[in-house]
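Asks: Before anything else, here's the structure in question.
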Amino acid sequence: TVSLPGILRLAPNLQVLRGSASGFSISARGLSGNPDAQNFPNKLLVLIDGRTVYSPLYSGVYWDMQDVLPEDVDRIEVISGPGATLWGANAVNGVINIVTRNAGATQGGYAAALGGNRLFDAALRYGGRVGDTINYRLYAKGRRIPDSPGAADDDAYRLQGGFRLDYSPSAADLVTVQGDIQRGAHSQGLSPSEVFRGGNLVGRWNRTWDAASALQVQVYYDHAGRETRNGGGRFQLDTFDFDIQHSFRIGSSHNIVWGGGARATRYNIDAAPGLSFVPDKRTLFLANLFVQDSMALTPSLTAIGGLKLERDPYSGVVLLPSVRLSWKPSSKSMLWAAASRAIRAPTPFDRDVVETIGNTVFLIGPDDFQSEKLTAYEAGTRLILTDEASVSVSGFYNDYDDLRSIEPAPSGFLPLQWGNGIKGHSYGFDAWGDVRVTDWWRLKPGYSLLIQKFRFRPDASGLVGISQIGNDPKHRASIRSSMDIGPRINVDADLRYVSHLPNPRVEGYVELGARVAWRFLEEAELSVSGFNLLHKKHYELPATQASAAARSVYVALKWHI
């Protein structure tokens, strides 16, 4: 768990596949894409402190640009299934919401250093207070990943720094200002290295009147840029976002949440050899309004209905509804069911891209490319079996339409173009549990089943094959163990199984991660961690798309000053 994707791998309802030391494919409930068909994981929305890090240029997340100090994380909410009613377009198969801690909870100094055969990482943080109302923290961190034996695309580095300031002028108000800046690069085998840089500034005001009544107003600016050295192309992306959310109660049975927002995204793309965008610069504007009502029908039965109205720059106005019903027959059990609609909105990569081979236009993004659509049906249960054991099960049936395909030109074969020629469904379930075996030993098992059945529409060409939408394992299973050996020693282990990827085929594997930590002082901890301990190396994605994940061992020192 030395990186954000490593932390997310611990969530049993997420599929995390390693492509390189700094590149990952992260998805939920399938449709992880296929890089050989220029399709990428694009149906999982990711936010960090309310700021979306989902790129509007190509639909997806640049995971090498996302990082937080693990010690600063308050919680990570992993929501399986659509979240479009609250979060909007692209929250199709799930949402990851990362929330960091208030600056008042990170006071004093903190230093961490980690080194091993695959990674070197260091971080410094200082938190302080001004008077009785202002808390702040500053941090800086750096990471260096050397080339792995036999892998020419693992060499990478990144530097990042930032701050957070929390001002509490009254018991009801909290004003937060925070920001980060980063720079990094990673190799691309025989191609020139890719450089990235970014920064963001977030302002947020929260007012709380009581447990059911609150207001949040947030604005942020985000800048991201990437370029391939030696004239390999680059882009600059600037996002300005405003969002307001208000919750209140009507009577004793209605809890209302409503709000809206607007986002302007300005980008500029310098063409790479064989890849350009027409036009190469745009300003995209998105606006939305939403409302959700949680209605207590009886003391044990609750219905939730919501609707988002969103104006997308390419799709126009779309409606994103959801309904949910939950029943608590006792304090130790809950049953729920839901139906939702979500879309993956078009991007410049879908509408404006022009790919060439020599002087021949090979592929274009047509003006009539439509949103990818999902109607989802879910049901689940949460049970407290005993004081020491609980289990959650979430089943789903996802009905997809207008998924992206590759089609020939209407009047011939070239240029190829994106189409909406794939439809179908998937179903399965995610299950996880929490078992406290003793006061000092805890187990967390998890299992996910995914069955996908997709087909081409009658008017589609069938080029490339159905595997272009995703190459996903049918089974994933894991069990995490955490043991406290006395007051100062902690032993963690994570055993995981991933079945084979079907096309291109990648063999399934079983792998183990482990960590032994010794708190030799109240303020200091020394640990040894190992990843992929059962095999010298294994592939998690096809060899044409990824380097092998190799066994690694790290020693880390963390010190609170």
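Each chain in the structure tokens gets a letter, A, B, ..., in the order shown, and its residues are numbered from 1; ligands are numbered from 1 in order too.
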Env of A:Lys537: 10 Å cut, atoms = only C-alpha atoms, seq-sep filter 5 positions within chain, self excluded. Answer as a list of chain:residue names.

Replies: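 Final neighbour list, sorted by chain and number: A:Glu511, A:Asn532, A:Ser547, A:Ala548, A:Ala549, A:Ala550, A:Arg551, A:Ser552.
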
Asks: Residues of stretch 443-467 of chain A that approach stretch 1-18 of chain A to 12 Å or less, counting only C-alpha atoms: could you list each one with the shortest pair of atoms and its distance in Å to one decimal, rows by chain and increasing residue number, as a tab-separated table?

Replies:
residue	atom	partner	partner_atom	distance
A:Lys444	CA	A:Pro12	CA	9.3
A:Pro445	CA	A:Pro12	CA	8.2
A:Gly446	CA	A:Pro12	CA	5.4
A:Tyr447	CA	A:Pro12	CA	6.8
A:Ser448	CA	A:Asn13	CA	6.8
A:Leu449	CA	A:Asn13	CA	9.9
A:Leu450	CA	A:Gln15	CA	10.9

Asks: Can you check which residues of stretch 178-417 of chain A DSSP gives as alpha helix (DSSP H) on the backbone and send them as a PyMOL selection string?

Replies: chain A and resi 348-351

Asks: Find the spatial neighbours of stretch 345-350 of chain A, counting only C-alpha atoms, within a cut-off of 6 Å - ignore same-chain residues fewer than 4 positions away - and output them as a ChimeraX atom specification.

Replies: /A:57-58,365,371

Asks: Write the residues of the selection above to a file with N, CA, C and O atoms, as a short mmCIF file (atom, residue, chain, number, x, y, z; two decimals), in the first residue's frame.

Replies:
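Below is the file out.cif, written as the result:
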data_model
loop_
_atom_site.label_atom_id
_atom_site.label_comp_id
_atom_site.auth_asym_id
_atom_site.auth_seq_id
_atom_site.Cartn_x
_atom_site.Cartn_y
_atom_site.Cartn_z
N LEU A 57 -10.77 14.47 -21.47
CA LEU A 57 -10.20 14.37 -22.81
C LEU A 57 -10.40 12.99 -23.42
O LEU A 57 -10.67 12.85 -24.60
N TYR A 58 -10.22 11.93 -22.59
CA TYR A 58 -10.31 10.60 -23.17
C TYR A 58 -11.17 9.65 -22.35
O TYR A 58 -11.33 8.48 -22.70
N GLY A 365 -12.98 10.42 -35.21
CA GLY A 365 -14.08 10.47 -34.26
C GLY A 365 -15.25 11.18 -34.91
O GLY A 365 -15.17 12.38 -35.19
N SER A 371 -23.56 8.91 -26.40
CA SER A 371 -23.20 8.44 -25.06
C SER A 371 -23.36 6.93 -24.96
O SER A 371 -24.26 6.35 -25.58
#

Asks: Just to confirm, what's the straight-line distance from atom CA of A:Gly203 to atom CA of A:Ala185 in Å (one decimal)?

Replies: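 That distance, rounded to one decimal, is 28.5 Å.
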